[in-house]
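S.K.: Sharing a structure here in structure tokens format.
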Amino acid sequence: MHRHIRSVDDVLTLLDGLFDPGADRWTERAGDWWDRFYADREREVPFFVAKPDESLVSYLERGLIAPGRALDVGCGPGRNAIHLARNGFQVDAVDVSATAIAWASERGEGLDVRFRHGDAFATTGTYDLIYDSGCFHHLPPHRRVSYLALLDRALAPGGHFALTCFTAEEGTSTPDAELYRQGGLAGGVGYEPDELRWIFQDLTEVELRRMTDQGPDSPAFGKSFLWTALFRRG
């Protein structure tokens, strides 16, 4: 059958296929790549540390977010999901890597976190907080549509969306259309603050700033090549 597009999902799947399979970091096909990435827990990867984002710590300390139901999108080894659970949240945490989920489950044993291996876009339910540290910048342009649909469906009225993603200096600044021509995301997409404001314009900005660097003795994670942003719905 040569005519196989009759829905937005069909178009999104078609666009997924325009990228080299080896460049895929966002669909379930990418699970094997991320499994290899997380296999060696001793690698010197900044976010392998068992520390929450300094921005998340700050939101809680300043009372910008309050305990409720939380979804951690692309949770990796679970450092932020675990911090949320320790601060009174009921947490669902999703990642395409089974290896990451196994590691996170070990770290979070005994806490109110439900770690799930799978596609975050397929998540059902409503959340007071949707948290993303490092997933969004691995999405190609067309999957922003899926991402916004997730927020529209799953973020409760008055709820918060918190994002940590690459700055334009750290991630690729290649224009959207050119990413399809080159067939990959060059390690991740970088953003300018106004681009993030434009993409998430249906939400109210609470704070958008550069992450504050944290030293090795800090109880929190922080790298200044990342943006941190907090938005509110309604």
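Ordering of the structure tokens sets the chain letters (A, B, ...); residue numbers start at 1 within each chain; ligands are numbered from 1 in the order shown.
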Please provide as JSON, numbers by chain all residues within 9 Å of Arg86 in chain A, with the sequence filter that same-chain residues fewer than 3 positions apart are discarded (counting only C-alpha atoms).

M.R.: {"A": [81, 82, 83, 89, 111, 112]}

S.K.: Hey, what's within 6 Å of range 154-171 of chain A if we count only C-alpha atoms and toss same-chain stuff fewer than 2 positions away? As a PyMOL selection string, please?

M.R.: chain A and resi 125-134+137+150-152+173+188-192+225-234

S.K.: Within 10 Å of Gln214 in chain A, counting only C-alpha atoms, which residues show up once you throw out same-chain ones fewer than 3 positions away? Write them as a list of chain:residue names, please.

M.R.: A:Asp53, A:Glu54, A:Met211, A:Asp217, A:Ser218, A:Pro219, A:Ala220, A:Phe221, A:Gly222, A:Lys223, A:Ser224

S.K.: Go ahead and save the picked residues with N, CA, C and O atoms, as a short mmCIF file (atom, residue, chain, number, x, y, z; two decimals), in the first residue's frame.

M.R.:
```
data_model
loop_
_atom_site.label_atom_id
_atom_site.label_comp_id
_atom_site.auth_asym_id
_atom_site.auth_seq_id
_atom_site.Cartn_x
_atom_site.Cartn_y
_atom_site.Cartn_z
N ASP A 53 18.18 18.59 39.89
CA ASP A 53 18.51 19.88 39.29
C ASP A 53 18.43 20.99 40.33
O ASP A 53 17.50 21.02 41.15
N GLU A 54 19.39 21.93 40.29
CA GLU A 54 19.36 23.03 41.23
C GLU A 54 18.10 23.87 41.06
O GLU A 54 17.58 24.44 42.02
N MET A 211 20.83 27.86 33.92
CA MET A 211 21.09 27.07 35.11
C MET A 211 22.38 27.54 35.77
O MET A 211 23.33 27.96 35.10
N ASP A 217 30.79 19.32 45.38
CA ASP A 217 30.29 19.10 46.75
C ASP A 217 28.86 19.60 46.95
O ASP A 217 28.30 19.45 48.04
N SER A 218 28.29 20.16 45.92
CA SER A 218 26.92 20.66 46.03
C SER A 218 25.94 19.49 46.07
O SER A 218 26.15 18.46 45.40
N PRO A 219 24.85 19.62 46.81
CA PRO A 219 23.83 18.55 46.82
C PRO A 219 22.93 18.57 45.59
O PRO A 219 22.06 17.72 45.45
N ALA A 220 23.16 19.55 44.70
CA ALA A 220 22.32 19.68 43.50
C ALA A 220 23.18 19.64 42.24
O ALA A 220 24.39 19.86 42.28
N PHE A 221 22.53 19.37 41.11
CA PHE A 221 23.17 19.35 39.79
C PHE A 221 22.93 20.68 39.10
O PHE A 221 21.81 21.21 39.14
N GLY A 222 23.97 21.23 38.46
CA GLY A 222 23.78 22.45 37.70
C GLY A 222 24.89 22.67 36.71
O GLY A 222 26.07 22.58 37.06
N LYS A 223 24.51 22.94 35.45
CA LYS A 223 25.46 23.26 34.39
C LYS A 223 24.95 24.49 33.63
O LYS A 223 23.79 24.52 33.20
N SER A 224 25.82 25.47 33.43
CA SER A 224 25.38 26.73 32.85
C SER A 224 25.11 26.66 31.35
O SER A 224 24.65 27.64 30.76
#
```

S.K.: Using Å and a single decimal, report how far CA of Arg144 in chain A sits from CA of Leu203 in chain A.

M.R.: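 The value is 14.7 Å.
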
S.K.: Excluding Asp92 in chain A and its own-chain neighbours fewer than 3 positions away, which residues fall within 8 Å of it when counting only C-alpha atoms? Please give them as an MDAnalysis selection string.

M.R.: chainID A and resid 69:72 81 113:116

S.K.: Mind dumping the selected residues with C-alpha atoms as a PDB file, in the first residue's frame?

M.R.:
```pdb
ATOM      1  CA  ARG A  69       0.904  14.397  40.981  1.00  0.00           C
ATOM      2  CA  ALA A  70       4.061  14.707  38.884  1.00  0.00           C
ATOM      3  CA  LEU A  71       5.221  13.251  35.573  1.00  0.00           C
ATOM      4  CA  ASP A  72       8.966  13.078  34.874  1.00  0.00           C
ATOM      5  CA  ALA A  81      11.750  11.916  40.191  1.00  0.00           C
ATOM      6  CA  VAL A 113       7.569   6.660  42.284  1.00  0.00           C
ATOM      7  CA  ARG A 114       6.168   4.503  39.505  1.00  0.00           C
ATOM      8  CA  PHE A 115       8.962   4.070  36.979  1.00  0.00           C
ATOM      9  CA  ARG A 116       7.786   2.982  33.530  1.00  0.00           C
TER      10      ARG A 116
END
```

S.K.: Among range 40-184 of chain A, which ones does DSSP assign to helix (DSSP H, G or I) (computed from the backbone)? Answer as a ChimeraX atom specification.

M.R.: /A:46-48,54-61,79-86,98-107,120-122,136-138,143-154,176-182

S.K.: At what distance in Å, to one decimal, does CA of Ser55 in chain A lie from CA of Arg153 in chain A?

M.R.: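 Rounded to one decimal, the two atoms are 24.8 Å apart.
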
S.K.: Pick out the closest residue to Pro193 in chain A from this set: A:Arg25, A:Arg209, A:His142, A:His2. Count only C-alpha atoms.

M.R.: A:Arg209

S.K.: Could you please write out, as a list in words, every residue of range 21-95 of chain A that DSSP assigns to strand (DSSP E or B)?

M.R.: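 Those in range 21-95 of chain A that DSSP calls strand (DSSP E or B) are Asp53, Arg69, Ala70, Leu71, Asp72, Val73, Gln90, Val91, Asp92, Ala93, Val94 and Asp95 of chain A.
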
S.K.: At a cut-off of 10 Å, using only C-alpha atoms, what residues contact Thr27 in chain A? Leave out same-chain residues fewer than 5 positions from it and give the result as a list in words.

M.R.: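 Result of the neighbour search: Thr13, Asp16, Val96, Gly118, Asp119, Ala120, Phe121, Leu139 and Arg143 of chain A.
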
S.K.: With all heavy atoms kept, could you save the residues just selected as a PDB file, in the first residue's frame?

M.R.:
```
ATOM      1  N   THR A  13       4.937  10.080  11.958  1.00  0.00           N
ATOM      2  CA  THR A  13       5.707   8.852  11.740  1.00  0.00           C
ATOM      3  C   THR A  13       6.526   8.939  10.461  1.00  0.00           C
ATOM      4  O   THR A  13       7.690   8.505  10.412  1.00  0.00           O
ATOM      5  CB  THR A  13       4.762   7.642  11.692  1.00  0.00           C
ATOM      6  OG1 THR A  13       4.055   7.547  12.937  1.00  0.00           O
ATOM      7  CG2 THR A  13       5.539   6.355  11.467  1.00  0.00           C
ATOM      8  N   ASP A  16       9.481  11.094  11.177  1.00  0.00           N
ATOM      9  CA  ASP A  16      10.470  10.325  11.951  1.00  0.00           C
ATOM     10  C   ASP A  16      11.419   9.590  11.018  1.00  0.00           C
ATOM     11  O   ASP A  16      12.629   9.520  11.255  1.00  0.00           O
ATOM     12  CB  ASP A  16       9.773   9.304  12.857  1.00  0.00           C
ATOM     13  CG  ASP A  16       9.109   9.917  14.081  1.00  0.00           C
ATOM     14  OD1 ASP A  16       9.483  11.028  14.484  1.00  0.00           O
ATOM     15  OD2 ASP A  16       8.210   9.248  14.633  1.00  0.00           O
ATOM     16  N   VAL A  96      12.517   5.810  27.605  1.00  0.00           N
ATOM     17  CA  VAL A  96      12.564   4.784  26.556  1.00  0.00           C
ATOM     18  C   VAL A  96      13.619   3.731  26.824  1.00  0.00           C
ATOM     19  O   VAL A  96      13.666   2.703  26.139  1.00  0.00           O
ATOM     20  CB  VAL A  96      12.806   5.404  25.156  1.00  0.00           C
ATOM     21  CG1 VAL A  96      11.662   6.304  24.756  1.00  0.00           C
ATOM     22  CG2 VAL A  96      14.136   6.137  25.091  1.00  0.00           C
ATOM     23  N   GLY A 118       8.882   3.092  28.478  1.00  0.00           N
ATOM     24  CA  GLY A 118       7.967   3.274  27.364  1.00  0.00           C
ATOM     25  C   GLY A 118       8.036   4.662  26.763  1.00  0.00           C
ATOM     26  O   GLY A 118       8.989   5.415  26.967  1.00  0.00           O
ATOM     27  N   ASP A 119       6.990   4.986  26.009  1.00  0.00           N
ATOM     28  CA  ASP A 119       6.882   6.232  25.258  1.00  0.00           C
ATOM     29  C   ASP A 119       6.141   7.265  26.097  1.00  0.00           C
ATOM     30  O   ASP A 119       4.966   7.092  26.420  1.00  0.00           O
ATOM     31  CB  ASP A 119       6.127   5.945  23.958  1.00  0.00           C
ATOM     32  CG  ASP A 119       5.933   7.172  23.086  1.00  0.00           C
ATOM     33  OD1 ASP A 119       6.404   8.263  23.456  1.00  0.00           O
ATOM     34  OD2 ASP A 119       5.291   7.035  22.026  1.00  0.00           O
ATOM     35  N   ALA A 120       6.815   8.361  26.434  1.00  0.00           N
ATOM     36  CA  ALA A 120       6.183   9.397  27.264  1.00  0.00           C
ATOM     37  C   ALA A 120       4.981  10.017  26.571  1.00  0.00           C
ATOM     38  O   ALA A 120       4.029  10.455  27.233  1.00  0.00           O
ATOM     39  CB  ALA A 120       7.203  10.479  27.616  1.00  0.00           C
ATOM     40  N   PHE A 121       4.995  10.055  25.228  1.00  0.00           N
ATOM     41  CA  PHE A 121       3.877  10.657  24.501  1.00  0.00           C
ATOM     42  C   PHE A 121       2.587   9.859  24.670  1.00  0.00           C
ATOM     43  O   PHE A 121       1.497  10.369  24.419  1.00  0.00           O
ATOM     44  CB  PHE A 121       4.202  10.773  23.006  1.00  0.00           C
ATOM     45  CG  PHE A 121       5.347  11.695  22.699  1.00  0.00           C
ATOM     46  CD1 PHE A 121       6.244  11.387  21.688  1.00  0.00           C
ATOM     47  CD2 PHE A 121       5.543  12.870  23.407  1.00  0.00           C
ATOM     48  CE1 PHE A 121       7.306  12.225  21.384  1.00  0.00           C
ATOM     49  CE2 PHE A 121       6.602  13.722  23.119  1.00  0.00           C
ATOM     50  CZ  PHE A 121       7.478  13.395  22.100  1.00  0.00           C
ATOM     51  N   LEU A 139      14.390  16.035  20.742  1.00  0.00           N
ATOM     52  CA  LEU A 139      13.262  15.849  19.826  1.00  0.00           C
ATOM     53  C   LEU A 139      13.479  16.616  18.531  1.00  0.00           C
ATOM     54  O   LEU A 139      13.908  17.775  18.565  1.00  0.00           O
ATOM     55  CB  LEU A 139      11.963  16.342  20.472  1.00  0.00           C
ATOM     56  CG  LEU A 139      11.518  15.683  21.776  1.00  0.00           C
ATOM     57  CD1 LEU A 139      10.217  16.320  22.247  1.00  0.00           C
ATOM     58  CD2 LEU A 139      11.343  14.181  21.582  1.00  0.00           C
ATOM     59  N   ARG A 143       8.276  16.667  16.352  1.00  0.00           N
ATOM     60  CA  ARG A 143       7.821  16.036  17.590  1.00  0.00           C
ATOM     61  C   ARG A 143       7.511  17.064  18.688  1.00  0.00           C
ATOM     62  O   ARG A 143       6.998  16.696  19.745  1.00  0.00           O
ATOM     63  CB  ARG A 143       8.843  15.018  18.071  1.00  0.00           C
ATOM     64  CG  ARG A 143       8.764  13.699  17.293  1.00  0.00           C
ATOM     65  CD  ARG A 143       7.430  13.017  17.519  1.00  0.00           C
ATOM     66  NE  ARG A 143       7.209  11.874  16.630  1.00  0.00           N
ATOM     67  CZ  ARG A 143       6.089  11.166  16.594  1.00  0.00           C
ATOM     68  NH1 ARG A 143       5.081  11.513  17.389  1.00  0.00           N
ATOM     69  NH2 ARG A 143       5.950  10.167  15.771  1.00  0.00           N
TER      70      ARG A 143
END
```

S.K.: Give me, as JSON lines, the closest atom pair and its distance (Å, one decimal) for every residue of range 6-53 of chain A within a cut-off of 12 Å of range 175-187 of chain A, counting only C-alpha atoms, rows sorted by chain and rising number.

M.R.:
```
{"residue": "A:Leu14", "atom": "CA", "partner": "A:Tyr180", "partner_atom": "CA", "distance": 11.8}
{"residue": "A:Leu15", "atom": "CA", "partner": "A:Tyr180", "partner_atom": "CA", "distance": 8.5}
{"residue": "A:Asp16", "atom": "CA", "partner": "A:Tyr180", "partner_atom": "CA", "distance": 9.5}
{"residue": "A:Gly17", "atom": "CA", "partner": "A:Gly183", "partner_atom": "CA", "distance": 9.3}
{"residue": "A:Leu18", "atom": "CA", "partner": "A:Tyr180", "partner_atom": "CA", "distance": 6.5}
{"residue": "A:Phe19", "atom": "CA", "partner": "A:Gly183", "partner_atom": "CA", "distance": 4.3}
{"residue": "A:Asp20", "atom": "CA", "partner": "A:Gly183", "partner_atom": "CA", "distance": 5.4}
{"residue": "A:Pro21", "atom": "CA", "partner": "A:Gly183", "partner_atom": "CA", "distance": 8.9}
{"residue": "A:Gly22", "atom": "CA", "partner": "A:Gly184", "partner_atom": "CA", "distance": 8.4}
{"residue": "A:Ala23", "atom": "CA", "partner": "A:Gly184", "partner_atom": "CA", "distance": 5.2}
{"residue": "A:Asp24", "atom": "CA", "partner": "A:Gly184", "partner_atom": "CA", "distance": 7.7}
{"residue": "A:Arg25", "atom": "CA", "partner": "A:Leu185", "partner_atom": "CA", "distance": 9.1}
{"residue": "A:Trp26", "atom": "CA", "partner": "A:Leu185", "partner_atom": "CA", "distance": 10.9}
```

S.K.: Residues of the last selection are to be written out with N, CA, C and O atoms, as a compact mmCIF listing (two decimals), in the first residue's frame.

M.R.:
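So the final result, stored in result_20.txt, reads:
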```
# COMPACT_ATOMS: atom_id res chain seq x y z
N LEU A 14 5.93 9.51 9.41
CA LEU A 14 6.66 9.70 8.16
C LEU A 14 7.88 10.59 8.38
O LEU A 14 8.99 10.28 7.92
N LEU A 15 7.71 11.68 9.10
CA LEU A 15 8.82 12.59 9.36
C LEU A 15 9.89 11.95 10.24
O LEU A 15 11.09 12.21 10.07
N ASP A 16 9.48 11.09 11.18
CA ASP A 16 10.47 10.33 11.95
C ASP A 16 11.42 9.59 11.02
O ASP A 16 12.63 9.52 11.26
N GLY A 17 10.86 9.02 9.95
CA GLY A 17 11.63 8.20 9.03
C GLY A 17 12.58 8.98 8.14
O GLY A 17 13.42 8.37 7.46
N LEU A 18 12.48 10.32 8.15
CA LEU A 18 13.41 11.12 7.35
C LEU A 18 14.77 11.26 8.03
O LEU A 18 15.73 11.71 7.40
N PHE A 19 14.84 10.88 9.29
CA PHE A 19 16.12 10.92 10.00
C PHE A 19 16.80 9.56 9.92
O PHE A 19 16.14 8.52 9.89
N ASP A 20 18.12 9.60 9.88
CA ASP A 20 18.89 8.36 9.88
C ASP A 20 18.51 7.55 11.13
O ASP A 20 18.44 8.10 12.23
N PRO A 21 18.27 6.23 10.98
CA PRO A 21 17.90 5.42 12.16
C PRO A 21 18.89 5.55 13.30
O PRO A 21 18.50 5.52 14.47
N GLY A 22 20.16 5.72 12.99
CA GLY A 22 21.17 5.85 14.03
C GLY A 22 21.11 7.16 14.78
O GLY A 22 21.73 7.31 15.84
N ALA A 23 20.35 8.14 14.24
CA ALA A 23 20.21 9.44 14.90
C ALA A 23 18.99 9.52 15.79
O ALA A 23 18.79 10.52 16.49
N ASP A 24 18.18 8.48 15.77
CA ASP A 24 16.93 8.48 16.54
C ASP A 24 17.23 8.40 18.03
O ASP A 24 17.85 7.46 18.51
N ARG A 25 16.74 9.41 18.78
CA ARG A 25 16.88 9.42 20.24
C ARG A 25 15.53 9.58 20.93
O ARG A 25 15.48 9.77 22.14
N TRP A 26 14.44 9.52 20.16
CA TRP A 26 13.15 9.89 20.74
C TRP A 26 12.07 8.83 20.63
O TRP A 26 11.15 8.81 21.44
```

S.K.: Kindly give the distance, in Å, that separates CA of Arg36 in chain A and CA of Lys51 in chain A, rounded to a single decimal.

M.R.: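 Those two atoms sit 21.7 Å apart.
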
S.K.: With distances taken over only C-alpha atoms, which residue among A:Ala39, A:Phe136, A:Val11, A:Pro67 lies nearest Gln90 in chain A?

M.R.: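 The answer is A:Pro67, which sits nearest to Gln90 in chain A.
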